[in-house]
Amino acid sequence: MKLFALLLFFPVSMFAQETGGWTLDDCISYALANNIQLKRSHLTQLSTQEDILQSKAALLPSLSASTNQSLTYRPFVESGQSTVANGYVQSSIDKVYYNGSYGVTANWTVWDGMRSKNTIKLNEMSARMAELDSAATAQSIQEQITQLYVQILYSKESITVNEQSLRASKMNEERGQTMVQVGTMSKADLAQLTAQRAMDEYNIVAAESDVRNYLFQLKQVLELSDGTPFDIASPDMADEEALQTIPALADVYASALAHRPEIESARLAISSSDISLDIARAGRKPTVGLQGSVGTNTTSMSDNAWGTQLKTNLDFGVGATLSIPIFDNRQTKTAINKALLQRESSLLDLQDKEKQLYSTIEGYWIGAVNNQARYKAARTALQSEQTSYELLSEQFRLGLKNIIELMTGKTNLVTAQINELQSKYMAILNIYMLRYYQGY
């Protein structure tokens, strides 16, 4: 899976033409390296690797060494009394005597119904699922960054549209002031032109507020918490990008099913449930183990030297254990039933994720189709409104149109510009999100 697949389909200018801000590539690269949620998922992956190593080590014999040192005081010792020290009968007893024992023990489970080997498989699957969950988190962050990035680009261009509208409003207001001075316009009509100019100023402030808000949201995703100034690059989005061919819904969904990490993770969860079922069933099988030990002991009540005691008291032992489960208070049956229920839950989870994936892709596809159609219509409408407003403005200057007609024409022009801009960026975003889900 390519983490930067979406980037390959944005125009080259998006990364080459900078205005001192962050490109989309910069934002995604920084987020993947610094996002706290991704760092936590990486720690989870490291933890699952430790589980794999531990489960593999469980196949090996265990080895332990032990020693016991004791000091005993018997203040009332009877003559002729004997005692046992470290397995040996002592006929002479000291009031204070010292015992020591030393041993090494090894245990090895030879057969446990494949429980240990299946545990290794289960941990390996858990590690892969943790990796896929991390990849799904990374993809979600990329999608969120892309949507915010495009929203900022749209909001910035809407500022430009409103600034153009403000310039036109100021010209109309200045013209109106001149007409009031010569007596060809009433002050009431001039007040309407002033109100329209004020509204355009408000629209600019609102659009600038939207940009700041979206930039703040983007900073949150990027984990930029300091006061460093932050802005994005402003590339030119070609009109052809909004008119490119929309991928077929069925093709996008089929491709997404094959490579999306959340789907692969859900499928692995089913296989993991099967292995958990095998582990639970192993509770009905016998367990075979081998044991080996070597030990020696010493006592202060022996006349032999300490080294001699270590040698003469040295013993070796081996043994085998066969454990056959007969009745375990329903523990194994409960574990099996829970494993079966977990498998059914995993199947439902896969169905749910497939449904969610289709719903997401269908939403992008519908958005692409609708906004592309709106963009085509909006371009035609914008041309008509632009021509109409230019004629209205000239006729107003000649006194052939009244203030209401001029303001209506200007409002229609701004609306057409905003509609064209919005449908363009939404079409581009939805088309590229479809290609992203398609794996390109």
# chains A, B, ... in the order shown; residues from 1 in each chain; ligands from 1

$ residues_around --residues "Ala31 of chain A" --least-positions-apart "2" --cutoff "8 Å" --atoms "only C-alpha atoms" --output "list in words"
Cys27, Ile28, Ser29, Ala33, Asn34, Asn35, Ile141, Val221, Leu222 and Glu223 of chain A

$ closest_atom_pairs --of "segment 104-213 of chain A" --to "segment 311-319 of chain A" --cutoff "10 Å" --atoms "only C-alpha atoms" --output "tab-separated table"
residue	atom	partner	partner_atom	distance
A:Val104	CA	A:Phe316	CA	9.6
A:Thr105	CA	A:Gly317	CA	9.2
A:Ala106	CA	A:Val318	CA	9.3
A:Asn107	CA	A:Gly319	CA	9.5

$ write_last_selection --atoms "N, CA and C atoms" --output "mmCIF file, in the first residue's frame"
data_model
loop_
_atom_site.group_PDB
_atom_site.id
_atom_site.type_symbol
_atom_site.label_atom_id
_atom_site.label_comp_id
_atom_site.auth_asym_id
_atom_site.auth_seq_id
_atom_site.Cartn_x
_atom_site.Cartn_y
_atom_site.Cartn_z
ATOM 1 N N VAL A 104 19.646 -27.384 40.454
ATOM 2 C CA VAL A 104 19.309 -26.851 39.136
ATOM 3 C C VAL A 104 18.207 -27.733 38.563
ATOM 4 N N THR A 105 17.110 -27.097 38.102
ATOM 5 C CA THR A 105 15.949 -27.844 37.614
ATOM 6 C C THR A 105 15.590 -27.384 36.207
ATOM 7 N N ALA A 106 15.269 -28.327 35.341
ATOM 8 C CA ALA A 106 14.852 -28.023 33.974
ATOM 9 C C ALA A 106 13.493 -28.650 33.728
ATOM 10 N N ASN A 107 12.611 -27.906 33.034
ATOM 11 C CA ASN A 107 11.284 -28.401 32.664
ATOM 12 C C ASN A 107 11.048 -28.126 31.191
#

$ residues_around --residues "Lys117 of chain A" --least-positions-apart "6" --cutoff "12 Å" --atoms "only C-alpha atoms" --output "VMD selection string"
chain A and resid 52 54 to 60 109 to 111 123 to 124 275 to 276 278 to 279 282

$ residues_around --residues "Ser209 of chain A" --least-positions-apart "4" --cutoff "12 Å" --atoms "only C-alpha atoms" --output "PDB file with N, CA and C atoms, in the first residue's frame"
ATOM      1  N   ILE A 152      -9.216  24.742   2.655  1.00  0.00           N
ATOM      2  CA  ILE A 152      -8.488  25.998   2.824  1.00  0.00           C
ATOM      3  C   ILE A 152      -8.275  26.677   1.474  1.00  0.00           C
ATOM      4  N   SER A 155     -11.504  28.261   0.503  1.00  0.00           N
ATOM      5  CA  SER A 155     -11.804  29.447   1.314  1.00  0.00           C
ATOM      6  C   SER A 155     -10.921  30.619   0.910  1.00  0.00           C
ATOM      7  N   LYS A 156      -9.671  30.323   0.567  1.00  0.00           N
ATOM      8  CA  LYS A 156      -8.784  31.401   0.131  1.00  0.00           C
ATOM      9  C   LYS A 156      -9.253  32.003  -1.187  1.00  0.00           C
ATOM     10  N   SER A 158     -12.283  32.006  -2.217  1.00  0.00           N
ATOM     11  CA  SER A 158     -13.530  32.740  -1.962  1.00  0.00           C
ATOM     12  C   SER A 158     -13.222  34.139  -1.434  1.00  0.00           C
ATOM     13  N   ILE A 159     -12.095  34.285  -0.741  1.00  0.00           N
ATOM     14  CA  ILE A 159     -11.674  35.626  -0.322  1.00  0.00           C
ATOM     15  C   ILE A 159     -11.397  36.487  -1.545  1.00  0.00           C
ATOM     16  N   TYR A 202     -17.909  42.419   5.082  1.00  0.00           N
ATOM     17  CA  TYR A 202     -18.241  41.375   6.057  1.00  0.00           C
ATOM     18  C   TYR A 202     -17.938  39.984   5.482  1.00  0.00           C
ATOM     19  N   ASN A 203     -18.289  39.767   4.218  1.00  0.00           N
ATOM     20  CA  ASN A 203     -18.044  38.463   3.587  1.00  0.00           C
ATOM     21  C   ASN A 203     -16.558  38.148   3.542  1.00  0.00           C
ATOM     22  N   ILE A 204     -15.723  39.161   3.332  1.00  0.00           N
ATOM     23  CA  ILE A 204     -14.281  38.947   3.328  1.00  0.00           C
ATOM     24  C   ILE A 204     -13.806  38.533   4.716  1.00  0.00           C
ATOM     25  N   VAL A 205     -14.295  39.242   5.724  1.00  0.00           N
ATOM     26  CA  VAL A 205     -13.919  38.909   7.103  1.00  0.00           C
ATOM     27  C   VAL A 205     -14.359  37.483   7.452  1.00  0.00           C
ATOM     28  N   ASN A 213      -9.822  29.187  10.757  1.00  0.00           N
ATOM     29  CA  ASN A 213     -10.392  28.038  11.453  1.00  0.00           C
ATOM     30  C   ASN A 213      -9.892  26.723  10.858  1.00  0.00           C
ATOM     31  N   TYR A 214      -9.886  26.631   9.526  1.00  0.00           N
ATOM     32  CA  TYR A 214      -9.407  25.405   8.876  1.00  0.00           C
ATOM     33  C   TYR A 214      -7.902  25.223   9.075  1.00  0.00           C
ATOM     34  N   LEU A 215      -7.151  26.314   9.080  1.00  0.00           N
ATOM     35  CA  LEU A 215      -5.721  26.218   9.356  1.00  0.00           C
ATOM     36  C   LEU A 215      -5.479  25.720  10.779  1.00  0.00           C
ATOM     37  N   PHE A 216      -6.311  26.183  11.705  1.00  0.00           N
ATOM     38  CA  PHE A 216      -6.206  25.709  13.088  1.00  0.00           C
ATOM     39  C   PHE A 216      -6.473  24.208  13.164  1.00  0.00           C
TER      40      PHE A 216
END

$ atom_distance --atom1 "atom CA of Thr245 of chain A" --atom2 "atom CA of Ala416 of chain A"
24.1 Å

$ select_by_dssp --residues "segment 234-283 of chain A" --states "alpha helix (DSSP H)" --output "NGL selection string"
:A and (249-259 or 261-281)

$ write_last_selection --atoms "N, CA and C atoms" --output "compact mmCIF listing (two decimals), in the first residue's frame"
# COMPACT_ATOMS: atom_id res chain seq x y z
N LEU A 249 -17.90 3.29 -9.93
CA LEU A 249 -18.10 2.96 -8.52
C LEU A 249 -17.71 1.51 -8.23
N ALA A 250 -18.15 0.57 -9.08
CA ALA A 250 -17.86 -0.84 -8.84
C ALA A 250 -16.36 -1.12 -8.90
N ASP A 251 -15.65 -0.46 -9.81
CA ASP A 251 -14.20 -0.67 -9.93
C ASP A 251 -13.47 -0.16 -8.70
N VAL A 252 -13.87 0.99 -8.22
CA VAL A 252 -13.23 1.56 -7.03
C VAL A 252 -13.46 0.65 -5.82
N TYR A 253 -14.68 0.18 -5.67
CA TYR A 253 -15.00 -0.66 -4.51
C TYR A 253 -14.25 -1.99 -4.57
N ALA A 254 -14.21 -2.60 -5.74
CA ALA A 254 -13.50 -3.88 -5.88
C ALA A 254 -12.02 -3.72 -5.57
N SER A 255 -11.44 -2.63 -6.03
CA SER A 255 -10.01 -2.38 -5.77
C SER A 255 -9.78 -2.10 -4.29
N ALA A 256 -10.68 -1.34 -3.68
CA ALA A 256 -10.53 -1.02 -2.26
C ALA A 256 -10.63 -2.27 -1.40
N LEU A 257 -11.52 -3.19 -1.76
CA LEU A 257 -11.65 -4.43 -1.00
C LEU A 257 -10.35 -5.23 -1.02
N ALA A 258 -9.58 -5.08 -2.09
CA ALA A 258 -8.36 -5.87 -2.25
C ALA A 258 -7.17 -5.30 -1.50
N HIS A 259 -7.17 -3.99 -1.20
CA HIS A 259 -5.95 -3.42 -0.62
C HIS A 259 -6.16 -2.57 0.63
N PRO A 261 -6.37 -1.49 4.30
CA PRO A 261 -5.87 -2.19 5.49
C PRO A 261 -6.97 -2.59 6.47
N GLU A 262 -8.04 -1.77 6.59
CA GLU A 262 -9.08 -2.12 7.54
C GLU A 262 -9.83 -3.38 7.13
N ILE A 263 -9.93 -3.63 5.81
CA ILE A 263 -10.59 -4.85 5.33
C ILE A 263 -9.68 -6.06 5.57
N GLU A 264 -8.40 -5.91 5.26
CA GLU A 264 -7.46 -7.01 5.49
C GLU A 264 -7.38 -7.34 6.98
N SER A 265 -7.42 -6.32 7.82
CA SER A 265 -7.38 -6.54 9.26
C SER A 265 -8.62 -7.30 9.73
N ALA A 266 -9.78 -6.96 9.17
CA ALA A 266 -11.01 -7.67 9.55
C ALA A 266 -10.98 -9.12 9.11
N ARG A 267 -10.37 -9.38 7.95
CA ARG A 267 -10.24 -10.77 7.49
C ARG A 267 -9.27 -11.55 8.37
N LEU A 268 -8.19 -10.89 8.77
CA LEU A 268 -7.24 -11.56 9.66
C LEU A 268 -7.88 -11.86 11.02
N ALA A 269 -8.80 -11.01 11.44
CA ALA A 269 -9.47 -11.24 12.71
C ALA A 269 -10.26 -12.55 12.68
N ILE A 270 -10.82 -12.89 11.53
CA ILE A 270 -11.54 -14.16 11.39
C ILE A 270 -10.57 -15.33 11.52
N SER A 271 -9.42 -15.23 10.81
CA SER A 271 -8.40 -16.29 10.92
C SER A 271 -7.87 -16.39 12.34
N SER A 272 -7.72 -15.25 12.99
CA SER A 272 -7.26 -15.24 14.38
C SER A 272 -8.26 -15.95 15.29
N SER A 273 -9.54 -15.77 15.00
CA SER A 273 -10.58 -16.45 15.79
C SER A 273 -10.50 -17.96 15.60
N ASP A 274 -10.16 -18.41 14.38
CA ASP A 274 -10.01 -19.84 14.12
C ASP A 274 -8.86 -20.42 14.94
N ILE A 275 -7.75 -19.67 15.02
CA ILE A 275 -6.61 -20.15 15.80
C ILE A 275 -6.95 -20.16 17.29
N SER A 276 -7.66 -19.13 17.74
CA SER A 276 -8.09 -19.10 19.14
C SER A 276 -8.98 -20.30 19.46
N LEU A 277 -9.78 -20.72 18.49
CA LEU A 277 -10.62 -21.90 18.68
C LEU A 277 -9.77 -23.15 18.83
N ASP A 278 -8.71 -23.27 18.01
CA ASP A 278 -7.81 -24.42 18.13
C ASP A 278 -7.11 -24.44 19.50
N ILE A 279 -6.73 -23.26 19.97
CA ILE A 279 -6.08 -23.18 21.27
C ILE A 279 -7.05 -23.60 22.38
N ALA A 280 -8.29 -23.17 22.27
CA ALA A 280 -9.29 -23.56 23.27
C ALA A 280 -9.53 -25.07 23.25
N ARG A 281 -9.58 -25.66 22.07
CA ARG A 281 -9.79 -27.11 21.96
C ARG A 281 -8.61 -27.90 22.49

$ select_by_dssp --residues "segment 271-370 of chain A" --states "strand (DSSP E or B)" --output "PyMOL selection string"
chain A and resi 287-299+315-323

$ closest_residue --among "A:Thr119, A:Ser101, A:Thr360, A:Gln422" --to "Arg379 of chain A" --atoms "only C-alpha atoms"
A:Gln422

$ closest_residue --among "A:Gln164, A:Trp108, A:Lys410, A:Leu63" --to "Ala320 of chain A" --atoms "only C-alpha atoms"
A:Trp108

$ closest_residue --among "A:Lys219, A:Lys95, A:Arg343, A:Lys401" --to "Leu71 of chain A" --atoms "only C-alpha atoms"
A:Lys95

$ residues_around --residues "Ile431 of chain A" --least-positions-apart "3" --cutoff "10 Å" --atoms "only C-alpha atoms" --output "PDB file with N, CA and C atoms, in the first residue's frame"
ATOM      1  N   PHE A   9      -1.629  12.067  -7.785  1.00  0.00           N
ATOM      2  CA  PHE A   9      -2.670  12.486  -8.714  1.00  0.00           C
ATOM      3  C   PHE A   9      -3.019  13.955  -8.605  1.00  0.00           C
ATOM      4  N   GLU A 241      -8.940  19.568 -14.010  1.00  0.00           N
ATOM      5  CA  GLU A 241      -8.912  18.610 -12.905  1.00  0.00           C
ATOM      6  C   GLU A 241     -10.321  18.272 -12.425  1.00  0.00           C
ATOM      7  N   ALA A 242     -11.225  19.209 -12.558  1.00  0.00           N
ATOM      8  CA  ALA A 242     -12.603  18.969 -12.121  1.00  0.00           C
ATOM      9  C   ALA A 242     -13.423  18.270 -13.185  1.00  0.00           C
ATOM     10  N   LEU A 243     -12.879  18.178 -14.400  1.00  0.00           N
ATOM     11  CA  LEU A 243     -13.635  17.603 -15.513  1.00  0.00           C
ATOM     12  C   LEU A 243     -13.073  16.259 -15.967  1.00  0.00           C
ATOM     13  N   GLN A 244     -12.116  15.730 -15.216  1.00  0.00           N
ATOM     14  CA  GLN A 244     -11.532  14.444 -15.607  1.00  0.00           C
ATOM     15  C   GLN A 244     -12.537  13.317 -15.424  1.00  0.00           C
ATOM     16  N   THR A 245     -12.231  12.177 -16.025  1.00  0.00           N
ATOM     17  CA  THR A 245     -13.147  11.033 -15.988  1.00  0.00           C
ATOM     18  C   THR A 245     -13.295  10.503 -14.564  1.00  0.00           C
ATOM     19  N   ILE A 246     -14.508  10.273 -14.160  1.00  0.00           N
ATOM     20  CA  ILE A 246     -14.792   9.751 -12.825  1.00  0.00           C
ATOM     21  C   ILE A 246     -14.704   8.225 -12.856  1.00  0.00           C
ATOM     22  N   PRO A 247     -13.900   7.609 -11.969  1.00  0.00           N
ATOM     23  CA  PRO A 247     -13.812   6.141 -11.953  1.00  0.00           C
ATOM     24  C   PRO A 247     -15.165   5.503 -11.653  1.00  0.00           C
ATOM     25  N   TYR A 364     -18.312   9.532  -2.036  1.00  0.00           N
ATOM     26  CA  TYR A 364     -17.359  10.266  -2.868  1.00  0.00           C
ATOM     27  C   TYR A 364     -17.775  10.232  -4.339  1.00  0.00           C
ATOM     28  N   TRP A 365     -18.288   9.075  -4.775  1.00  0.00           N
ATOM     29  CA  TRP A 365     -18.681   8.942  -6.185  1.00  0.00           C
ATOM     30  C   TRP A 365     -19.867   9.851  -6.503  1.00  0.00           C
ATOM     31  N   ILE A 366     -20.870   9.840  -5.635  1.00  0.00           N
ATOM     32  CA  ILE A 366     -22.023  10.716  -5.841  1.00  0.00           C
ATOM     33  C   ILE A 366     -21.583  12.177  -5.804  1.00  0.00           C
ATOM     34  N   GLY A 367     -20.701  12.495  -4.845  1.00  0.00           N
ATOM     35  CA  GLY A 367     -20.195  13.862  -4.766  1.00  0.00           C
ATOM     36  C   GLY A 367     -19.454  14.270  -6.021  1.00  0.00           C
ATOM     37  N   ALA A 368     -18.655  13.343  -6.579  1.00  0.00           N
ATOM     38  CA  ALA A 368     -17.915  13.643  -7.805  1.00  0.00           C
ATOM     39  C   ALA A 368     -18.861  13.886  -8.972  1.00  0.00           C
ATOM     40  N   VAL A 369     -19.844  12.999  -9.140  1.00  0.00           N
ATOM     41  CA  VAL A 369     -20.791  13.129 -10.255  1.00  0.00           C
ATOM     42  C   VAL A 369     -21.599  14.417 -10.134  1.00  0.00           C
ATOM     43  N   ASN A 371     -21.031  17.210  -8.313  1.00  0.00           N
ATOM     44  CA  ASN A 371     -20.268  18.453  -8.362  1.00  0.00           C
ATOM     45  C   ASN A 371     -19.654  18.693  -9.735  1.00  0.00           C
ATOM     46  N   GLN A 372     -19.325  17.610 -10.443  1.00  0.00           N
ATOM     47  CA  GLN A 372     -18.825  17.810 -11.794  1.00  0.00           C
ATOM     48  C   GLN A 372     -19.933  18.371 -12.686  1.00  0.00           C
ATOM     49  N   TYR A 425     -13.864  22.780  -6.625  1.00  0.00           N
ATOM     50  CA  TYR A 425     -13.018  22.149  -5.621  1.00  0.00           C
ATOM     51  C   TYR A 425     -13.635  20.864  -5.076  1.00  0.00           C
ATOM     52  N   MET A 426     -14.929  20.829  -4.928  1.00  0.00           N
ATOM     53  CA  MET A 426     -15.569  19.610  -4.444  1.00  0.00           C
ATOM     54  C   MET A 426     -15.457  18.491  -5.466  1.00  0.00           C
ATOM     55  N   ALA A 427     -15.561  18.816  -6.749  1.00  0.00           N
ATOM     56  CA  ALA A 427     -15.399  17.799  -7.794  1.00  0.00           C
ATOM     57  C   ALA A 427     -13.986  17.244  -7.771  1.00  0.00           C
ATOM     58  N   ILE A 428     -12.993  18.142  -7.665  1.00  0.00           N
ATOM     59  CA  ILE A 428     -11.595  17.705  -7.629  1.00  0.00           C
ATOM     60  C   ILE A 428     -11.343  16.810  -6.417  1.00  0.00           C
ATOM     61  N   LEU A 434     -11.653   9.188  -4.787  1.00  0.00           N
ATOM     62  CA  LEU A 434     -12.009   7.930  -5.445  1.00  0.00           C
ATOM     63  C   LEU A 434     -10.749   7.218  -5.957  1.00  0.00           C
ATOM     64  N   ARG A 435      -9.858   7.969  -6.569  1.00  0.00           N
ATOM     65  CA  ARG A 435      -8.628   7.362  -7.078  1.00  0.00           C
ATOM     66  C   ARG A 435      -7.741   6.878  -5.930  1.00  0.00           C
ATOM     67  N   TYR A 436      -7.797   7.589  -4.831  1.00  0.00           N
ATOM     68  CA  TYR A 436      -7.041   7.170  -3.657  1.00  0.00           C
ATOM     69  C   TYR A 436      -7.554   5.832  -3.139  1.00  0.00           C
TER      70      TYR A 436
END
